Structures are given as C-alpha cells and as structure tokens.
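Peer 1: Structure provided below as structure tokens; questions to follow.
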Amino acid sequence: MDRREEIREKALRDLQQSEVLMLGGHFDYGNGYHGREYLNPHQLFRHPSMIWRFAQDLLDLLPGDLVQRTEVVAGPVTGGALLAHTLAGLLDSRRSLTHPPCVFAPFNYDPAGGFTLRAFYRRELEGRRVLLADDVRNTGETFARCAALVREAGGTVAATAEIYDRGETLADLGVPNIALAEYRAEGTFKARECPMCREGRPITRF
C-alpha cells in the first residue's frame with residue numbers, strides 16, 4: 001500500500017471514529033435527496049485542529065503542480081468555506097516566500113436564489129486558477145454551480161477537492177477531483193421516492 005492509500009484509509013477511520021462520518025441513518029440532505037450516510041459538518045468544524053489536520057492530509061494528496069499553480073481556493077458557505085480558507089493558508093506554507101499569496105473566496109448561499117458570489121470576490125477570481133473545495137461531494141451539483149460562478153467571473157477551475165466523496169457523482173466538471181476519503185454510499189433517493197420515508201423511519205436528528 002502506497003502512502004496516498006494509507007492517508008485515505010486512516011482518514012476514513014478517523015472520520016468514523018470521531019462521528020464526523022455518520023452511517024446507517026436516515027438523512028435529509030436539504031437538496032431534495034435523502035440517504036443513509038452523512039458527513040456532519042458541525043462535528044467536523046467545531047474543533048479547528050480537526051479541520052486543520054484533515055486539510056493537511058488532503059494537501060498531501062494534491063499533485064505538486066496543482067499546489068504550485070493554485071491562485072485561489074474557493075468554497076461554499078454551506079460546508080466548504082472553512083475548508084477552503086484553511087487550505088488557502090496551508091498552501092502558502094508549502095510554497096516559497098516569494099510565491100504570491102493564495103486568495104480565499106466564499107460562495108454565499110441564498111435559499112431563494114442558490115449560490116452567489118459578491119462583487120469583491122468576483123474581481124479576485126478574474127484571470128486566476130481556482131481550486132474548489134467542499135466538505136463532501138454528493139452528486140457534484142454544488143461544485144458545478146460554484147464552477148459556473150467562477151467562469152462567469154473570468155476564472156478557471158483547476159480542480160475540485162473534498163474531505164469525503166460519496167461516490168455518486170452525476171455532474172462531471174472535466175477537471176481532476178481529489179478526495180481525502182471515499183465511501184460508496186448505499187444510495188441517494190429523491191425525497192418523494194425515499195424507501196426509508198415509505199417505511200415510516202424518522203429523519204435522523206443530531
């Protein structure tokens with residue numbers, strides 16, 4: 001087993017032991033889908049040292065050229081912004097002092113209109129290579145929506161990265177994706193077709 005696989009396997013164990021990765025429940029993902037697995041962002045982000053450690057491990061998996069070429073790390077405030085902010089700082093620690101500092105940009109979320117990007121950050125993205133970061137990749141739709149905002153701002157998406165990949169991606173951005181941990185989900189169901197709802201199983205609360 002190579003070092004990358006060791007990092008991934010250890011991360012998966014750590015996520016489960018710390019109850020960040022919750023298995024065997026009935027979760028409402030808030031996007032019209034239900035499933036049996038959930039990455040609890042509150043558990044993940046409540047200890048800064050935890051997200052810092054997972055971000056370090058994730059950076060160890062990034063290709064060297066991506067570490068050097070990334071100019072902006074951006075993520076949605078629904079889960080990825082804290083990870084993106086941490087990654088941006090840690091990227092600078094792995095590059096020379098003469099390297100231009102990495103920029104961070106958050107995507108805001110409006111329930112009525114979806115993801116948005118403030119004018120200030122649109123200017124920061126123009127003409128730059130962007131690494132999109134999120135806590136979890138479900139269908140990939142969140143990455144796709146954020147990527148569209150990057151392109152509208154004149155930036156280029158270099159890659160996507162996340163703590164946990166459910167292995168159910170439907171939206172392919174055509175760029176490399178790097179996951180710290182992967183766990184094949186048992187299934188994602190449209191809320192109106194969810195078998196657990198039909199069984200009368202209550203939504204898992206935490």
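Identifiers for the structure tokens are assigned positionally: chains receive A, B, ... in sequence, residues are indexed from 1 per chain, and ligands are indexed from 1 in the order shown.
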Show me, as a list in words, the residues that have an atom within 10 Å of Asp60 (chain A) when counting only C-alpha atoms, minus same-chain residues fewer than 3 positions from it.

Peer 2: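 My reading of the contact set: Arg3, Arg4, Ile7, Phe54, Ala55, Gln56, Asp57, Pro63, Gly64, Val67 and Leu180 of chain A.
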
Peer 1: How about saving the chosen residues, C-alpha atoms kept, as an mmCIF file, in the first residue's frame?

Peer 2:
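The resulting file, selection.cif, is reproduced below:
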data_model
loop_
_atom_site.group_PDB
_atom_site.id
_atom_site.type_symbol
_atom_site.label_atom_id
_atom_site.label_comp_id
_atom_site.auth_asym_id
_atom_site.auth_seq_id
_atom_site.Cartn_x
_atom_site.Cartn_y
_atom_site.Cartn_z
ATOM 1 C CA ARG A 3 1.404 6.458 1.217
ATOM 2 C CA ARG A 4 -1.591 8.017 -0.515
ATOM 3 C CA ILE A 7 -3.590 8.553 4.185
ATOM 4 C CA PHE A 54 -7.730 16.831 7.603
ATOM 5 C CA ALA A 55 -6.771 19.750 5.353
ATOM 6 C CA GLN A 56 -3.071 18.896 5.782
ATOM 7 C CA ASP A 57 -3.770 15.311 4.747
ATOM 8 C CA PRO A 63 -0.484 16.856 -7.316
ATOM 9 C CA GLY A 64 2.608 19.035 -6.915
ATOM 10 C CA VAL A 67 -0.103 23.061 -5.236
ATOM 11 C CA LEU A 180 -9.355 12.596 1.203
#

Peer 1: Please return, as a VMD selection string, all residues of chain A that DSSP assigns to alpha helix (DSSP H) on the basis of the backbone.

Peer 2: chain A and resid 3 to 17 41 to 45 48 to 61 64 to 69 81 to 93 119 to 125 141 to 152 195 to 198

Peer 1: Would you save the residues of that selection, restricted to C-alpha atoms, as a PDB file, in the first residue's frame?

Peer 2:
ATOM      1  CA  ARG A   3       1.404   6.458   1.217  1.00  0.00           C
ATOM      2  CA  ARG A   4      -1.591   8.017  -0.515  1.00  0.00           C
ATOM      3  CA  GLU A   5      -3.734   4.974   0.191  1.00  0.00           C
ATOM      4  CA  GLU A   6      -2.529   4.910   3.794  1.00  0.00           C
ATOM      5  CA  ILE A   7      -3.590   8.553   4.185  1.00  0.00           C
ATOM      6  CA  ARG A   8      -7.030   7.806   2.720  1.00  0.00           C
ATOM      7  CA  GLU A   9      -7.646   4.721   4.830  1.00  0.00           C
ATOM      8  CA  LYS A  10      -6.593   6.468   8.032  1.00  0.00           C
ATOM      9  CA  ALA A  11      -8.799   9.462   7.197  1.00  0.00           C
ATOM     10  CA  LEU A  12     -11.819   7.203   6.676  1.00  0.00           C
ATOM     11  CA  ARG A  13     -11.239   5.534  10.058  1.00  0.00           C
ATOM     12  CA  ASP A  14     -10.765   8.889  11.772  1.00  0.00           C
ATOM     13  CA  LEU A  15     -13.937  10.319  10.224  1.00  0.00           C
ATOM     14  CA  GLN A  16     -15.990   7.405  11.528  1.00  0.00           C
ATOM     15  CA  GLN A  17     -14.377   7.262  14.973  1.00  0.00           C
ATOM     16  CA  PRO A  41     -20.028  19.459   9.153  1.00  0.00           C
ATOM     17  CA  HIS A  42     -20.769  20.676  12.676  1.00  0.00           C
ATOM     18  CA  GLN A  43     -18.746  17.812  14.134  1.00  0.00           C
ATOM     19  CA  LEU A  44     -16.027  18.370  11.549  1.00  0.00           C
ATOM     20  CA  PHE A  45     -15.596  22.095  12.077  1.00  0.00           C
ATOM     21  CA  PRO A  48     -10.234  23.940  14.394  1.00  0.00           C
ATOM     22  CA  SER A  49      -7.423  21.428  14.953  1.00  0.00           C
ATOM     23  CA  MET A  50      -9.524  18.693  13.343  1.00  0.00           C
ATOM     24  CA  ILE A  51     -10.203  20.526  10.090  1.00  0.00           C
ATOM     25  CA  TRP A  52      -6.585  21.729  10.052  1.00  0.00           C
ATOM     26  CA  ARG A  53      -5.364  18.126  10.286  1.00  0.00           C
ATOM     27  CA  PHE A  54      -7.730  16.831   7.603  1.00  0.00           C
ATOM     28  CA  ALA A  55      -6.771  19.750   5.353  1.00  0.00           C
ATOM     29  CA  GLN A  56      -3.071  18.896   5.782  1.00  0.00           C
ATOM     30  CA  ASP A  57      -3.770  15.311   4.747  1.00  0.00           C
ATOM     31  CA  LEU A  58      -5.809  16.481   1.768  1.00  0.00           C
ATOM     32  CA  LEU A  59      -2.950  18.702   0.613  1.00  0.00           C
ATOM     33  CA  ASP A  60      -0.640  15.676   0.763  1.00  0.00           C
ATOM     34  CA  LEU A  61      -2.822  14.117  -1.938  1.00  0.00           C
ATOM     35  CA  GLY A  64       2.608  19.035  -6.915  1.00  0.00           C
ATOM     36  CA  ASP A  65       1.805  21.167  -9.937  1.00  0.00           C
ATOM     37  CA  LEU A  66      -1.648  21.932  -8.537  1.00  0.00           C
ATOM     38  CA  VAL A  67      -0.103  23.061  -5.236  1.00  0.00           C
ATOM     39  CA  GLN A  68       2.120  25.471  -7.160  1.00  0.00           C
ATOM     40  CA  ARG A  69      -0.449  26.702  -9.707  1.00  0.00           C
ATOM     41  CA  ALA A  81     -15.743  27.678   3.009  1.00  0.00           C
ATOM     42  CA  LEU A  82     -13.905  26.857   6.249  1.00  0.00           C
ATOM     43  CA  LEU A  83     -12.041  24.061   4.492  1.00  0.00           C
ATOM     44  CA  ALA A  84     -11.192  26.365   1.580  1.00  0.00           C
ATOM     45  CA  HIS A  85      -9.926  29.054   3.961  1.00  0.00           C
ATOM     46  CA  THR A  86      -7.735  26.525   5.777  1.00  0.00           C
ATOM     47  CA  LEU A  87      -6.384  25.076   2.529  1.00  0.00           C
ATOM     48  CA  ALA A  88      -5.511  28.528   1.195  1.00  0.00           C
ATOM     49  CA  GLY A  89      -3.388  29.261   4.254  1.00  0.00           C
ATOM     50  CA  LEU A  90      -1.711  25.877   4.280  1.00  0.00           C
ATOM     51  CA  LEU A  91      -0.903  26.094   0.562  1.00  0.00           C
ATOM     52  CA  ASP A  92       1.192  29.180   1.234  1.00  0.00           C
ATOM     53  CA  SER A  93       3.141  27.271   3.899  1.00  0.00           C
ATOM     54  CA  ALA A 119     -18.619  41.536  -6.477  1.00  0.00           C
ATOM     55  CA  PHE A 120     -15.442  41.842  -4.372  1.00  0.00           C
ATOM     56  CA  TYR A 121     -14.663  38.150  -4.812  1.00  0.00           C
ATOM     57  CA  ARG A 122     -15.653  38.140  -8.486  1.00  0.00           C
ATOM     58  CA  ARG A 123     -12.844  40.618  -9.040  1.00  0.00           C
ATOM     59  CA  GLU A 124     -10.472  38.356  -7.099  1.00  0.00           C
ATOM     60  CA  LEU A 125     -11.268  35.383  -9.356  1.00  0.00           C
ATOM     61  CA  GLU A 141     -24.071  19.646  -8.311  1.00  0.00           C
ATOM     62  CA  THR A 142     -22.720  22.100  -5.722  1.00  0.00           C
ATOM     63  CA  PHE A 143     -19.308  22.037  -7.393  1.00  0.00           C
ATOM     64  CA  ALA A 144     -20.992  22.541 -10.765  1.00  0.00           C
ATOM     65  CA  ARG A 145     -22.904  25.604  -9.558  1.00  0.00           C
ATOM     66  CA  CYS A 146     -19.802  27.114  -7.983  1.00  0.00           C
ATOM     67  CA  ALA A 147     -17.756  26.373 -11.109  1.00  0.00           C
ATOM     68  CA  ALA A 148     -20.295  28.290 -13.186  1.00  0.00           C
ATOM     69  CA  LEU A 149     -19.807  31.321 -10.921  1.00  0.00           C
ATOM     70  CA  VAL A 150     -16.031  31.026 -11.296  1.00  0.00           C
ATOM     71  CA  ARG A 151     -16.332  31.008 -15.072  1.00  0.00           C
ATOM     72  CA  GLU A 152     -18.760  33.941 -15.024  1.00  0.00           C
ATOM     73  CA  PRO A 195     -37.771   3.955   0.788  1.00  0.00           C
ATOM     74  CA  MET A 196     -36.989   4.954   4.379  1.00  0.00           C
ATOM     75  CA  CYS A 197     -39.768   7.527   4.287  1.00  0.00           C
ATOM     76  CA  ARG A 198     -42.156   4.869   2.953  1.00  0.00           C
TER      77      ARG A 198
END

Peer 1: What does the distance between CA of His34 (chain A) and CA of Phe189 (chain A) come to in Å, to one decimal place?

Peer 2: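 Distance between the two atoms: 5.2 Å.
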
Peer 1: Compare A:Ile163, A:Arg129, A:Ser18, A:His26 by their minimum atom-to-atom distance to Ala191 (chain A), counting only C-alpha atoms, and give me the closest one.

Peer 2: A:His26

Peer 1: As an exercise, work out the distance from CA of Pro176 (chain A) to CA of Gly114 (chain A) in Å and give it to one decimal place.

Peer 2: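 CA of Gly114 (chain A) lies at a distance of 24.5 Å from CA of Pro176 (chain A).
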